[in-house]
Amino acid sequence: MTENTLNTRAATPAATNNSHMPVATPNSLPLVETRNLTVGYDHKPLIKDIDIQVEAGQIVTLIGPNGAGKSTILKTIAGHIPLIEGDVLLSGKSITHASPHEMSLELAVMLTERLRTELLTCADIVETGRYPYTGRLGILSVDDRAKVREAMEMVNVWDLRDRDFMQLSDGQRQRIMLARAICQESKTLLLDEPTNYLDIHYQIELLNTLRHLVNTRKVGIIMSLHELPLARKISDWVVCVKGDSIVAQGNTEDIFTSAVINELYGLKPGSFDPVSGNIELEVGPKPPGQ
């Protein structure tokens, strides 16, 4: 996709707390659901009482200050960090009872850690997204290779297919890893700061690709973002992480207000402009002589 404007869609009904989260229709289960989840490290709780749902065709975005624990929540949902209390359900099944193969069919993961490889091309990296479907020998079929190309073309990296992955820029690697996640064809994409290392052109292109996947394939997406204007435009549901809890969650109209954002980030009143979604700088008088 090559659009230079960000496509959006209407947000879900208004809500600002856990009791008003979007509810799955009677004939469906949430793709991802956390119930009274507590996350942390070395059995030490960091964030408690996490209740989040991700429906098919929905983008859920975690926002909050650096170090608030957004990545910890995502890594716990992905099964990379043991949960401390509560549960994570993927299509109604606890991850504590899911095999690695079942997890890979439910969840495609792109985290912030940099992948270190040796002598692998970009196509080789994306092809690993097909391993849940290839059997023990890992031999790709004609259909698998077609899906690899489709995913790489979707994020405009097909021309990089024969390049050494380690020779790419950080932004190019980020796009390759997104192609790998798309190629996996899981029900949900879990993305930790997917716009890292990308300039504004590729940030918009990436988010438009995610919206296209949500609209056409009805995947679910749960991700973290630092860029508030982008989060405001792309999200259907926003989860605010601060301290040891989820301090608010709801649709964009309810979350991107001066009161909520100023409190979440510890800003002075008037610092956040809810109309533009931008942070306003406090400009003082010029020094004498200027």
# chains A, B, ... in the order shown; residues from 1 in each chain; ligands from 1
>>> select_by_dssp(residues="segment 44-178 of chain A", states="helix (DSSP H, G or I)", output="PyMOL selection string")
chain A and resi 70-77+95-97+100-106+122-133+142-154+158-160+165-167+170-178
>>> residues_around(residues="segment 241-245 of chain A", least_positions_apart="4", cutoff="9 Å", atoms="only C-alpha atoms", output="JSON, numbers by chain")
{"A": [45, 46, 47, 48, 49, 50, 62, 63, 64, 65, 67, 68, 69, 70, 249, 264, 265]}
>>> write_last_selection(atoms="C-alpha atoms", output="compact mmCIF listing (two decimals), in the first residue's frame")
# COMPACT_ATOMS: atom_id res chain seq x y z
CA PRO A 45 3.90 -8.11 40.30
CA LEU A 46 4.29 -5.05 38.10
CA ILE A 47 0.73 -4.47 36.82
CA LYS A 48 -2.43 -6.04 38.28
CA ASP A 49 -6.07 -6.56 37.32
CA ILE A 50 -5.54 -6.38 33.56
CA LEU A 62 -1.70 0.27 24.55
CA ILE A 63 -0.38 3.74 25.38
CA GLY A 64 1.40 5.16 28.41
CA PRO A 65 4.74 6.51 29.63
CA GLY A 67 8.57 1.96 31.43
CA ALA A 68 4.87 1.70 32.28
CA GLY A 69 4.79 -2.00 31.40
CA LYS A 70 3.17 -2.07 27.96
CA GLN A 249 -9.60 2.25 28.54
CA LEU A 264 -1.56 9.65 32.01
CA TYR A 265 1.69 11.38 31.06
>>> closest_residue(among="A:Cys122, A:Leu213, A:Met223, A:Val260", to="Ser71 of chain A", atoms="only C-alpha atoms")
A:Met223
>>> residues_around(residues="Arg173 of chain A", least_positions_apart="3", cutoff="12 Å", atoms="only C-alpha atoms", output="JSON, numbers by chain")
{"A": [110, 112, 113, 114, 115, 116, 117, 121, 122, 123, 125, 126, 152, 155, 157, 160, 161, 163, 164, 165, 166, 167, 168, 169, 170, 176, 177, 178, 179, 180, 194, 195, 196, 197, 198]}
>>> write_last_selection(atoms="C-alpha atoms", output="PDB file, in the first residue's frame")
ATOM      1  CA  MET A 110       6.589  -8.828  16.528  1.00  0.00           C
ATOM      2  CA  THR A 112      11.127  -4.782  19.889  1.00  0.00           C
ATOM      3  CA  GLU A 113      14.097  -7.109  20.395  1.00  0.00           C
ATOM      4  CA  ARG A 114      16.401  -7.099  17.391  1.00  0.00           C
ATOM      5  CA  LEU A 115      16.698 -10.418  15.599  1.00  0.00           C
ATOM      6  CA  ARG A 116      20.294 -11.594  15.108  1.00  0.00           C
ATOM      7  CA  THR A 117      20.825 -13.843  12.107  1.00  0.00           C
ATOM      8  CA  THR A 121      18.132 -13.323   3.283  1.00  0.00           C
ATOM      9  CA  CYS A 122      15.030 -11.269   3.895  1.00  0.00           C
ATOM     10  CA  ALA A 123      12.976 -13.900   2.085  1.00  0.00           C
ATOM     11  CA  ILE A 125      13.217 -14.547   7.428  1.00  0.00           C
ATOM     12  CA  VAL A 126       9.700 -14.066   6.083  1.00  0.00           C
ATOM     13  CA  MET A 152       6.419  -8.882   1.300  1.00  0.00           C
ATOM     14  CA  VAL A 155       4.684  -3.933   2.985  1.00  0.00           C
ATOM     15  CA  VAL A 157       9.837  -5.115   0.668  1.00  0.00           C
ATOM     16  CA  LEU A 160      14.722  -6.687  -0.627  1.00  0.00           C
ATOM     17  CA  ARG A 161      14.049 -10.438  -0.813  1.00  0.00           C
ATOM     18  CA  ARG A 163      19.362  -8.968   0.608  1.00  0.00           C
ATOM     19  CA  ASP A 164      21.183 -10.112   3.749  1.00  0.00           C
ATOM     20  CA  PHE A 165      18.829  -9.313   6.627  1.00  0.00           C
ATOM     21  CA  MET A 166      21.674  -8.066   8.841  1.00  0.00           C
ATOM     22  CA  GLN A 167      22.777  -5.565   6.192  1.00  0.00           C
ATOM     23  CA  LEU A 168      19.477  -3.679   6.275  1.00  0.00           C
ATOM     24  CA  SER A 169      18.639  -0.504   8.148  1.00  0.00           C
ATOM     25  CA  ASP A 170      16.585  -0.792  11.340  1.00  0.00           C
ATOM     26  CA  ILE A 176      10.600  -7.433   7.061  1.00  0.00           C
ATOM     27  CA  MET A 177       9.486  -8.600  10.504  1.00  0.00           C
ATOM     28  CA  LEU A 178       5.997  -7.241   9.872  1.00  0.00           C
ATOM     29  CA  ALA A 179       5.893  -9.172   6.586  1.00  0.00           C
ATOM     30  CA  ARG A 180       6.858 -12.299   8.529  1.00  0.00           C
ATOM     31  CA  PRO A 194       5.783  -1.463  15.325  1.00  0.00           C
ATOM     32  CA  THR A 195       6.502   2.107  14.169  1.00  0.00           C
ATOM     33  CA  ASN A 196       9.943   2.166  15.826  1.00  0.00           C
ATOM     34  CA  TYR A 197      12.776   3.097  13.418  1.00  0.00           C
ATOM     35  CA  LEU A 198      10.313   4.146  10.704  1.00  0.00           C
TER      36      LEU A 198
END
>>> closest_atom_pairs(of="segment 122-234 of chain A", to="segment 269-279 of chain A", cutoff="10 Å", atoms="only C-alpha atoms", output="CSV")
residue,atom,partner,partner_atom,distance
A:Glu227,CA,A:Asn278,CA,9.2
A:Leu228,CA,A:Gly277,CA,6.5
A:Pro229,CA,A:Gly277,CA,4.9
A:Leu230,CA,A:Gly277,CA,8.6
A:Ala231,CA,A:Gly277,CA,9.2
A:Arg232,CA,A:Gly277,CA,7.0
A:Lys233,CA,A:Gly277,CA,9.0
>>> write_last_selection(atoms="all heavy atoms", output="PDB file, in the first residue's frame")
ATOM      1  N   GLU A 227       3.416   7.117  19.502  1.00  0.00           N
ATOM      2  CA  GLU A 227       2.974   8.291  18.744  1.00  0.00           C
ATOM      3  C   GLU A 227       1.467   8.495  18.949  1.00  0.00           C
ATOM      4  O   GLU A 227       0.641   7.811  18.337  1.00  0.00           O
ATOM      5  CB  GLU A 227       3.293   8.113  17.256  1.00  0.00           C
ATOM      6  CG  GLU A 227       4.775   7.948  16.955  1.00  0.00           C
ATOM      7  CD  GLU A 227       5.241   6.512  17.074  1.00  0.00           C
ATOM      8  OE1 GLU A 227       4.436   5.658  17.507  1.00  0.00           O
ATOM      9  OE2 GLU A 227       6.401   6.239  16.735  1.00  0.00           O
ATOM     10  N   LEU A 228       1.118   9.447  19.799  1.00  0.00           N
ATOM     11  CA  LEU A 228      -0.286   9.655  20.141  1.00  0.00           C
ATOM     12  C   LEU A 228      -1.158  10.030  18.941  1.00  0.00           C
ATOM     13  O   LEU A 228      -2.282   9.519  18.833  1.00  0.00           O
ATOM     14  CB  LEU A 228      -0.408  10.703  21.249  1.00  0.00           C
ATOM     15  CG  LEU A 228       0.200  10.326  22.609  1.00  0.00           C
ATOM     16  CD1 LEU A 228      -0.100  11.417  23.630  1.00  0.00           C
ATOM     17  CD2 LEU A 228      -0.326   8.989  23.097  1.00  0.00           C
ATOM     18  N   PRO A 229      -0.715  10.899  18.034  1.00  0.00           N
ATOM     19  CA  PRO A 229      -1.577  11.202  16.884  1.00  0.00           C
ATOM     20  C   PRO A 229      -1.883   9.964  16.042  1.00  0.00           C
ATOM     21  O   PRO A 229      -3.005   9.808  15.553  1.00  0.00           O
ATOM     22  CB  PRO A 229      -0.749  12.228  16.087  1.00  0.00           C
ATOM     23  CG  PRO A 229       0.134  12.876  17.109  1.00  0.00           C
ATOM     24  CD  PRO A 229       0.487  11.771  18.054  1.00  0.00           C
ATOM     25  N   LEU A 230      -0.908   9.069  15.882  1.00  0.00           N
ATOM     26  CA  LEU A 230      -1.148   7.850  15.113  1.00  0.00           C
ATOM     27  C   LEU A 230      -2.074   6.907  15.876  1.00  0.00           C
ATOM     28  O   LEU A 230      -2.985   6.306  15.292  1.00  0.00           O
ATOM     29  CB  LEU A 230       0.177   7.151  14.798  1.00  0.00           C
ATOM     30  CG  LEU A 230       1.151   7.911  13.898  1.00  0.00           C
ATOM     31  CD1 LEU A 230       2.414   7.075  13.666  1.00  0.00           C
ATOM     32  CD2 LEU A 230       0.512   8.279  12.567  1.00  0.00           C
ATOM     33  N   ALA A 231      -1.847   6.772  17.176  1.00  0.00           N
ATOM     34  CA  ALA A 231      -2.709   5.912  17.986  1.00  0.00           C
ATOM     35  C   ALA A 231      -4.148   6.404  17.945  1.00  0.00           C
ATOM     36  O   ALA A 231      -5.100   5.610  17.880  1.00  0.00           O
ATOM     37  CB  ALA A 231      -2.200   5.870  19.430  1.00  0.00           C
ATOM     38  N   ARG A 232      -4.312   7.698  17.969  1.00  0.00           N
ATOM     39  CA  ARG A 232      -5.664   8.291  17.954  1.00  0.00           C
ATOM     40  C   ARG A 232      -6.389   7.997  16.647  1.00  0.00           C
ATOM     41  O   ARG A 232      -7.597   7.751  16.638  1.00  0.00           O
ATOM     42  CB  ARG A 232      -5.535   9.801  18.159  1.00  0.00           C
ATOM     43  CG  ARG A 232      -6.834  10.578  18.182  1.00  0.00           C
ATOM     44  CD  ARG A 232      -6.529  12.001  18.600  1.00  0.00           C
ATOM     45  NE  ARG A 232      -7.709  12.852  18.571  1.00  0.00           N
ATOM     46  CZ  ARG A 232      -7.965  13.747  17.634  1.00  0.00           C
ATOM     47  NH1 ARG A 232      -7.122  13.903  16.625  1.00  0.00           N
ATOM     48  NH2 ARG A 232      -9.041  14.495  17.692  1.00  0.00           N
ATOM     49  N   LYS A 233      -5.663   7.973  15.539  1.00  0.00           N
ATOM     50  CA  LYS A 233      -6.292   7.774  14.240  1.00  0.00           C
ATOM     51  C   LYS A 233      -6.536   6.308  13.908  1.00  0.00           C
ATOM     52  O   LYS A 233      -7.520   5.974  13.246  1.00  0.00           O
ATOM     53  CB  LYS A 233      -5.431   8.414  13.138  1.00  0.00           C
ATOM     54  CG  LYS A 233      -5.496   9.932  13.113  1.00  0.00           C
ATOM     55  CD  LYS A 233      -4.726  10.489  11.939  1.00  0.00           C
ATOM     56  CE  LYS A 233      -4.911  11.997  11.841  1.00  0.00           C
ATOM     57  NZ  LYS A 233      -6.301  12.373  11.501  1.00  0.00           N
TER      58      LYS A 233
END
>>> closest_residue(among="A:Glu118, A:Asp144, A:Glu55, A:Glu253", to="Leu189 of chain A", atoms="only C-alpha atoms")
A:Glu55
>>> closest_atom_pairs(of="segment 165-273 of chain A", to="segment 97-108 of chain A", cutoff="8 Å", atoms="only C-alpha atoms", output="Markdown table")
| residue | atom | partner | partner_atom | distance |
| --- | --- | --- | --- | --- |
| A:Ala181 | CA | A:Ala108 | CA | 5.2 |
| A:Ile182 | CA | A:Ala108 | CA | 7.6 |
| A:Gln184 | CA | A:Ala108 | CA | 6.4 |
| A:Glu185 | CA | A:Leu105 | CA | 7.4 |
| A:Ser186 | CA | A:Leu105 | CA | 4.8 |
| A:Lys187 | CA | A:Glu106 | CA | 5.0 |
| A:Thr188 | CA | A:Leu107 | CA | 4.9 |
| A:Leu189 | CA | A:Ala108 | CA | 4.9 |
| A:Leu190 | CA | A:Ala108 | CA | 6.1 |
>>> atom_distance(atom1="atom CA of Asp87 of chain A", atom2="atom CA of Thr34 of chain A")
5.8 Å
>>> select_by_dssp(residues="segment 201-234 of chain A", states="strand (DSSP E)", output="list in words")
Gly220, Ile221, Ile222, Met223 and Ser224 of chain A
>>> residues_around(residues="Pro82 of chain A", least_positions_apart="6", cutoff="12 Å", atoms="only C-alpha atoms", output="VMD selection string")
chain A and resid 37 to 45 72 to 76 88 95 to 96
>>> closest_residue(among="A:Arg136, A:His80, A:Lys147, A:Lys93", to="Leu31 of chain A", atoms="only C-alpha atoms")
A:Lys93
>>> residues_around(residues="Thr216 of chain A", least_positions_apart="5", cutoff="12 Å", atoms="only C-alpha atoms", output="number ranges by chain")
A: 56-58, 209-211
>>> write_last_selection(atoms="N, CA and C atoms", output="mmCIF file, in the first residue's frame")
data_model
loop_
_atom_site.group_PDB
_atom_site.id
_atom_site.type_symbol
_atom_site.label_atom_id
_atom_site.label_comp_id
_atom_site.auth_asym_id
_atom_site.auth_seq_id
_atom_site.Cartn_x
_atom_site.Cartn_y
_atom_site.Cartn_z
ATOM 1 N N ALA A 56 -12.260 -9.876 16.622
ATOM 2 C CA ALA A 56 -11.928 -9.955 15.206
ATOM 3 C C ALA A 56 -12.270 -8.628 14.538
ATOM 4 N N GLY A 57 -11.358 -8.126 13.707
ATOM 5 C CA GLY A 57 -11.599 -6.870 13.022
ATOM 6 C C GLY A 57 -11.435 -5.643 13.893
ATOM 7 N N GLN A 58 -10.611 -5.736 14.941
ATOM 8 C CA GLN A 58 -10.458 -4.637 15.891
ATOM 9 C C GLN A 58 -8.982 -4.374 16.154
ATOM 10 N N THR A 209 -1.493 -0.556 6.269
ATOM 11 C CA THR A 209 -1.466 -2.002 6.017
ATOM 12 C C THR A 209 -2.219 -2.748 7.114
ATOM 13 N N LEU A 210 -2.021 -2.336 8.364
ATOM 14 C CA LEU A 210 -2.728 -2.980 9.469
ATOM 15 C C LEU A 210 -4.245 -2.769 9.346
ATOM 16 N N ARG A 211 -4.650 -1.565 9.001
ATOM 17 C CA ARG A 211 -6.081 -1.321 8.836
ATOM 18 C C ARG A 211 -6.643 -2.147 7.684
#
>>> atom_distance(atom1="atom CA of Leu191 of chain A", atom2="atom CA of Arg175 of chain A")
11.9 Å
>>> atom_distance(atom1="atom CA of Ile255 of chain A", atom2="atom CA of His226 of chain A")
14.5 Å
>>> decode(residues="segment 192-226 of chain A", atoms="N, CA, C and O atoms", output="mmCIF file, in the first residue's frame")
data_model
loop_
_atom_site.group_PDB
_atom_site.id
_atom_site.type_symbol
_atom_site.label_atom_id
_atom_site.label_comp_id
_atom_site.auth_asym_id
_atom_site.auth_seq_id
_atom_site.Cartn_x
_atom_site.Cartn_y
_atom_site.Cartn_z
ATOM 1 N N ASP A 192 4.732 -4.924 19.260
ATOM 2 C CA ASP A 192 5.270 -4.025 20.272
ATOM 3 C C ASP A 192 6.007 -2.884 19.570
ATOM 4 O O ASP A 192 7.059 -3.088 18.954
ATOM 5 N N GLU A 193 5.437 -1.702 19.631
ATOM 6 C CA GLU A 193 6.012 -0.504 19.024
ATOM 7 C C GLU A 193 6.399 -0.744 17.561
ATOM 8 O O GLU A 193 7.563 -0.595 17.175
ATOM 9 N N PRO A 194 5.451 -1.114 16.713
ATOM 10 C CA PRO A 194 5.783 -1.463 15.325
ATOM 11 C C PRO A 194 6.286 -0.293 14.494
ATOM 12 O O PRO A 194 6.891 -0.503 13.441
ATOM 13 N N THR A 195 6.047 0.949 14.943
ATOM 14 C CA THR A 195 6.502 2.107 14.169
ATOM 15 C C THR A 195 7.917 2.552 14.544
ATOM 16 O O THR A 195 8.420 3.529 13.980
ATOM 17 N N ASN A 196 8.557 1.845 15.480
ATOM 18 C CA ASN A 196 9.943 2.166 15.826
ATOM 19 C C ASN A 196 10.826 2.115 14.585
ATOM 20 O O ASN A 196 10.673 1.237 13.730
ATOM 21 N N TYR A 197 11.760 3.038 14.493
ATOM 22 C CA TYR A 197 12.776 3.097 13.418
ATOM 23 C C TYR A 197 12.201 3.526 12.070
ATOM 24 O O TYR A 197 12.947 3.595 11.092
ATOM 25 N N LEU A 198 10.911 3.795 11.988
ATOM 26 C CA LEU A 198 10.313 4.146 10.704
ATOM 27 C C LEU A 198 10.121 5.652 10.598
ATOM 28 O O LEU A 198 9.709 6.303 11.564
ATOM 29 N N ASP A 199 10.413 6.206 9.409
ATOM 30 C CA ASP A 199 10.085 7.608 9.193
ATOM 31 C C ASP A 199 8.580 7.731 8.987
ATOM 32 O O ASP A 199 7.862 6.737 8.895
ATOM 33 N N ILE A 200 8.094 8.965 8.901
ATOM 34 C CA ILE A 200 6.654 9.182 8.895
ATOM 35 C C ILE A 200 5.985 8.514 7.696
ATOM 36 O O ILE A 200 4.868 7.998 7.797
ATOM 37 N N HIS A 201 6.659 8.483 6.551
ATOM 38 C CA HIS A 201 6.080 7.837 5.368
ATOM 39 C C HIS A 201 5.784 6.370 5.649
ATOM 40 O O HIS A 201 4.682 5.873 5.371
ATOM 41 N N TYR A 202 6.774 5.658 6.208
ATOM 42 C CA TYR A 202 6.598 4.230 6.439
ATOM 43 C C TYR A 202 5.739 3.946 7.667
ATOM 44 O O TYR A 202 5.114 2.890 7.769
ATOM 45 N N GLN A 203 5.698 4.894 8.616
ATOM 46 C CA GLN A 203 4.754 4.746 9.727
ATOM 47 C C GLN A 203 3.323 4.719 9.209
ATOM 48 O O GLN A 203 2.529 3.841 9.572
ATOM 49 N N ILE A 204 2.998 5.678 8.358
ATOM 50 C CA ILE A 204 1.645 5.737 7.805
ATOM 51 C C ILE A 204 1.372 4.520 6.927
ATOM 52 O O ILE A 204 0.288 3.921 6.986
ATOM 53 N N GLU A 205 2.355 4.129 6.119
ATOM 54 C CA GLU A 205 2.182 2.955 5.262
ATOM 55 C C GLU A 205 1.932 1.703 6.094
ATOM 56 O O GLU A 205 1.055 0.892 5.773
ATOM 57 N N LEU A 206 2.702 1.541 7.180
ATOM 58 C CA LEU A 206 2.528 0.369 8.039
ATOM 59 C C LEU A 206 1.135 0.342 8.655
ATOM 60 O O LEU A 206 0.454 -0.690 8.641
ATOM 61 N N LEU A 207 0.692 1.467 9.189
ATOM 62 C CA LEU A 207 -0.598 1.485 9.857
ATOM 63 C C LEU A 207 -1.741 1.315 8.859
ATOM 64 O O LEU A 207 -2.760 0.699 9.170
ATOM 65 N N ASN A 208 -1.583 1.839 7.664
ATOM 66 C CA ASN A 208 -2.590 1.587 6.625
ATOM 67 C C ASN A 208 -2.649 0.104 6.273
ATOM 68 O O ASN A 208 -3.726 -0.439 6.002
ATOM 69 N N THR A 209 -1.493 -0.556 6.269
ATOM 70 C CA THR A 209 -1.466 -2.002 6.017
ATOM 71 C C THR A 209 -2.219 -2.748 7.114
ATOM 72 O O THR A 209 -2.996 -3.672 6.835
ATOM 73 N N LEU A 210 -2.021 -2.336 8.364
ATOM 74 C CA LEU A 210 -2.728 -2.980 9.469
ATOM 75 C C LEU A 210 -4.245 -2.769 9.346
ATOM 76 O O LEU A 210 -5.022 -3.712 9.547
ATOM 77 N N ARG A 211 -4.650 -1.565 9.001
ATOM 78 C CA ARG A 211 -6.081 -1.321 8.836
ATOM 79 C C ARG A 211 -6.643 -2.147 7.684
ATOM 80 O O ARG A 211 -7.756 -2.684 7.765
ATOM 81 N N HIS A 212 -5.872 -2.302 6.613
ATOM 82 C CA HIS A 212 -6.299 -3.129 5.483
ATOM 83 C C HIS A 212 -6.500 -4.579 5.932
ATOM 84 O O HIS A 212 -7.492 -5.224 5.568
ATOM 85 N N LEU A 213 -5.578 -5.104 6.733
ATOM 86 C CA LEU A 213 -5.702 -6.480 7.224
ATOM 87 C C LEU A 213 -6.936 -6.643 8.104
ATOM 88 O O LEU A 213 -7.653 -7.653 8.020
ATOM 89 N N VAL A 214 -7.187 -5.661 8.943
ATOM 90 C CA VAL A 214 -8.348 -5.718 9.834
ATOM 91 C C VAL A 214 -9.642 -5.687 9.020
ATOM 92 O O VAL A 214 -10.584 -6.450 9.290
ATOM 93 N N ASN A 215 -9.683 -4.836 8.020
ATOM 94 C CA ASN A 215 -10.908 -4.677 7.248
ATOM 95 C C ASN A 215 -11.167 -5.843 6.304
ATOM 96 O O ASN A 215 -12.322 -6.218 6.073
ATOM 97 N N THR A 216 -10.120 -6.420 5.731
ATOM 98 C CA THR A 216 -10.298 -7.446 4.702
ATOM 99 C C THR A 216 -10.205 -8.869 5.244
ATOM 100 O O THR A 216 -10.897 -9.764 4.759
ATOM 101 N N ARG A 217 -9.362 -9.087 6.247
ATOM 102 C CA ARG A 217 -9.164 -10.445 6.779
ATOM 103 C C ARG A 217 -9.782 -10.631 8.157
ATOM 104 O O ARG A 217 -9.787 -11.736 8.691
ATOM 105 N N LYS A 218 -10.249 -9.541 8.747
ATOM 106 C CA LYS A 218 -10.886 -9.583 10.072
ATOM 107 C C LYS A 218 -9.948 -10.148 11.142
ATOM 108 O O LYS A 218 -10.389 -10.826 12.069
ATOM 109 N N VAL A 219 -8.657 -9.858 11.009
ATOM 110 C CA VAL A 219 -7.736 -10.224 12.074
ATOM 111 C C VAL A 219 -7.943 -9.278 13.243
ATOM 112 O O VAL A 219 -8.547 -8.201 13.105
ATOM 113 N N GLY A 220 -7.446 -9.657 14.402
ATOM 114 C CA GLY A 220 -7.378 -8.753 15.531
ATOM 115 C C GLY A 220 -5.950 -8.248 15.668
ATOM 116 O O GLY A 220 -5.012 -8.941 15.290
ATOM 117 N N ILE A 221 -5.796 -7.045 16.189
ATOM 118 C CA ILE A 221 -4.468 -6.486 16.407
ATOM 119 C C ILE A 221 -4.420 -5.893 17.803
ATOM 120 O O ILE A 221 -5.301 -5.128 18.198
ATOM 121 N N ILE A 222 -3.381 -6.262 18.554
ATOM 122 C CA ILE A 222 -3.090 -5.602 19.822
ATOM 123 C C ILE A 222 -1.652 -5.141 19.754
ATOM 124 O O ILE A 222 -0.758 -5.913 19.407
ATOM 125 N N MET A 223 -1.433 -3.867 20.033
ATOM 126 C CA MET A 223 -0.095 -3.308 19.876
ATOM 127 C C MET A 223 0.121 -2.166 20.854
ATOM 128 O O MET A 223 -0.821 -1.655 21.476
ATOM 129 N N SER A 224 1.371 -1.762 20.972
ATOM 130 C CA SER A 224 1.719 -0.572 21.737
ATOM 131 C C SER A 224 2.229 0.490 20.768
ATOM 132 O O SER A 224 2.869 0.171 19.764
ATOM 133 N N LEU A 225 1.921 1.732 21.068
ATOM 134 C CA LEU A 225 2.400 2.853 20.258
ATOM 135 C C LEU A 225 2.797 3.995 21.185
ATOM 136 O O LEU A 225 2.175 4.223 22.223
ATOM 137 N N HIS A 226 3.841 4.725 20.771
ATOM 138 C CA HIS A 226 4.219 5.945 21.480
ATOM 139 C C HIS A 226 3.662 7.189 20.808
ATOM 140 O O HIS A 226 3.484 8.225 21.453
#
